[in-house]
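Below is one structure, written out as structure tokens, with a few remarks after it.
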Amino acid sequence: MSTESLKSTDFSFPGQSARYNGKVRDIYTIGDNLIVMVATDRISAFDVILPRTIPYKGQVLNQLAAHFLEDTADIVPNWFMVMPDPNVSIGLKAEPFKVEMIIRGALVGHAWREYAAGQRSIAGVSLPEGMKEYDRFPEPIITPSTKASVGHDEDISEQDIITQRIVSQSEWSELIGYVRKLFARGQDSASEQGLFLADTKYEFGRLDGKLILIDELHTPDSSRYFYADSYEAFVKGQSEERPKQLSKEFVREWLMERGFSGQNGEVVPELTNDFITTISERYIELFEKLTGHKFHKANEKNASVRIEKSILEYLETNR
Ligand SMILES: Nc1ncnc2c1ncn2[C@@H]1O[C@H](COP(=O)(O)OP(=O)(O)OP(=O)(O)O)[C@@H](O)[C@H]1O
Ligand SMILES: [Mg+2]
């Protein structure tokens, strides 16, 4: 089924000044300050691009990010301007801060794995004793990580961020204010739809001396979502069944069960067709749950031709 899925693009637009392939998105810079972000169907886990693509994943990511960027523009200005195609967003190019702002409301994922291994501090934030997996923190904690140019991102403390001048003290204060407000909004939106947003990641950049939110927002790639009722039941001990995941975390778990966690020398297990279908369905399910709208599959056949045409049309009429 995945043969028609969007693996990568290689366009050359009028005025194009740079092209960059991220793990998931292909980014084209037009002139000095416009970026065209194409969300492909690639999937990465533990900073490695997996060998197969996931149908409709790019469309889900792009449409969800656009939805939330529009929904939070009252909290912090962001880069997003327009969505000329289901897989494409166009907006302002910023100078990205070399730090990922991670905020966690509960002990899951990476934080739980560190905690279970005996760590009682993440990115300089100390963690209470006696917590169990899935327990909520008394207050959400902010545990930034570096944006490594190569290799794995690593946790970094507030103090190191400032002494290494990744951001200034005043920018840091502004950042954490935005991060807390965005997360509160994200958790509220999720809970209105019966979901629990356990943690997420934000990226920011500088544009004309001002801070703006860049990249994706509250998507299944950047966030961990659960069904709220199953989460509650488990935490309260009313159910033995682990809370149902609606984000990429279940892919990481599937890989770990098969001996892959992104370490050197490990081999990526082969993704079966069934598992690929499951991942695709979960992404679509999350889209529908979160937005309350039905997901309309864009035609995946010749998607790259469609995408190029939509972008060209936008650029021709707007520049
Ligand atoms: N408005 C923006 N201005 C400049 N850069 C941006 C903007 N929005 C997102 N980016 C950058 O675009 C890239 C998004 O692509 P993607 O998420 O596929 O990459 P990634 O795998 O997260 O990162 P990388 O491959 O760079 O480690 C990220 O490097 C992100 O920092
Ligand atoms: Mg990214």
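Note on naming: chains are A, B, ... as they come in the structure tokens, residues start from 1 per chain, ligands start from 1 in the order shown.
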(request) Kindly compile the residues surrounding ligand 1 within 8 Å, counting only C-alpha atoms and all ligand atoms, and format them as number ranges by chain. (result) A: 20-27, 35, 37, 39, 44, 47, 78-80, 91-96, 147-150, 203, 205, 213-216
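Within the 8 Å cut-off around segment 271-280 of chain A, using only C-alpha atoms and omitting residues fewer than 6 positions from it on the same chain, the listed residues are Met1, Arg52, Thr53, Ile54, Pro55, Tyr56, Lys57 and Val251 of chain A.
As for atom CA of Phe226 of chain A and atom CA of Ala198 of chain A, they are spaced 7.5 Å apart.
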(request) May I have the residues within 12 Å of Gly118 of chain A as number ranges by chain, using only C-alpha atoms and disregarding those fewer than 5 positions away in the same chain? (result) A: 111-113, 127-131
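The shortest atom-to-atom distance to Thr29 of chain A, with only C-alpha atoms taken into account, belongs to A:Leu315 out of A:Ile49, A:Ala116, A:Leu315, A:Leu6.
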(message) Considering only strand (DSSP E or B) as DSSP defines it on the backbone, what residues of segment 2-218 of chain A qualify? List them as a VMD selection string.
(response) chain A and resid 16 to 21 25 to 30 34 to 39 44 to 45 48 to 49 78 80 to 85 88 to 92 95 to 96 99 to 106 121 to 122 125 to 126 136 to 142 145 to 146 155 195 to 207 210 to 214
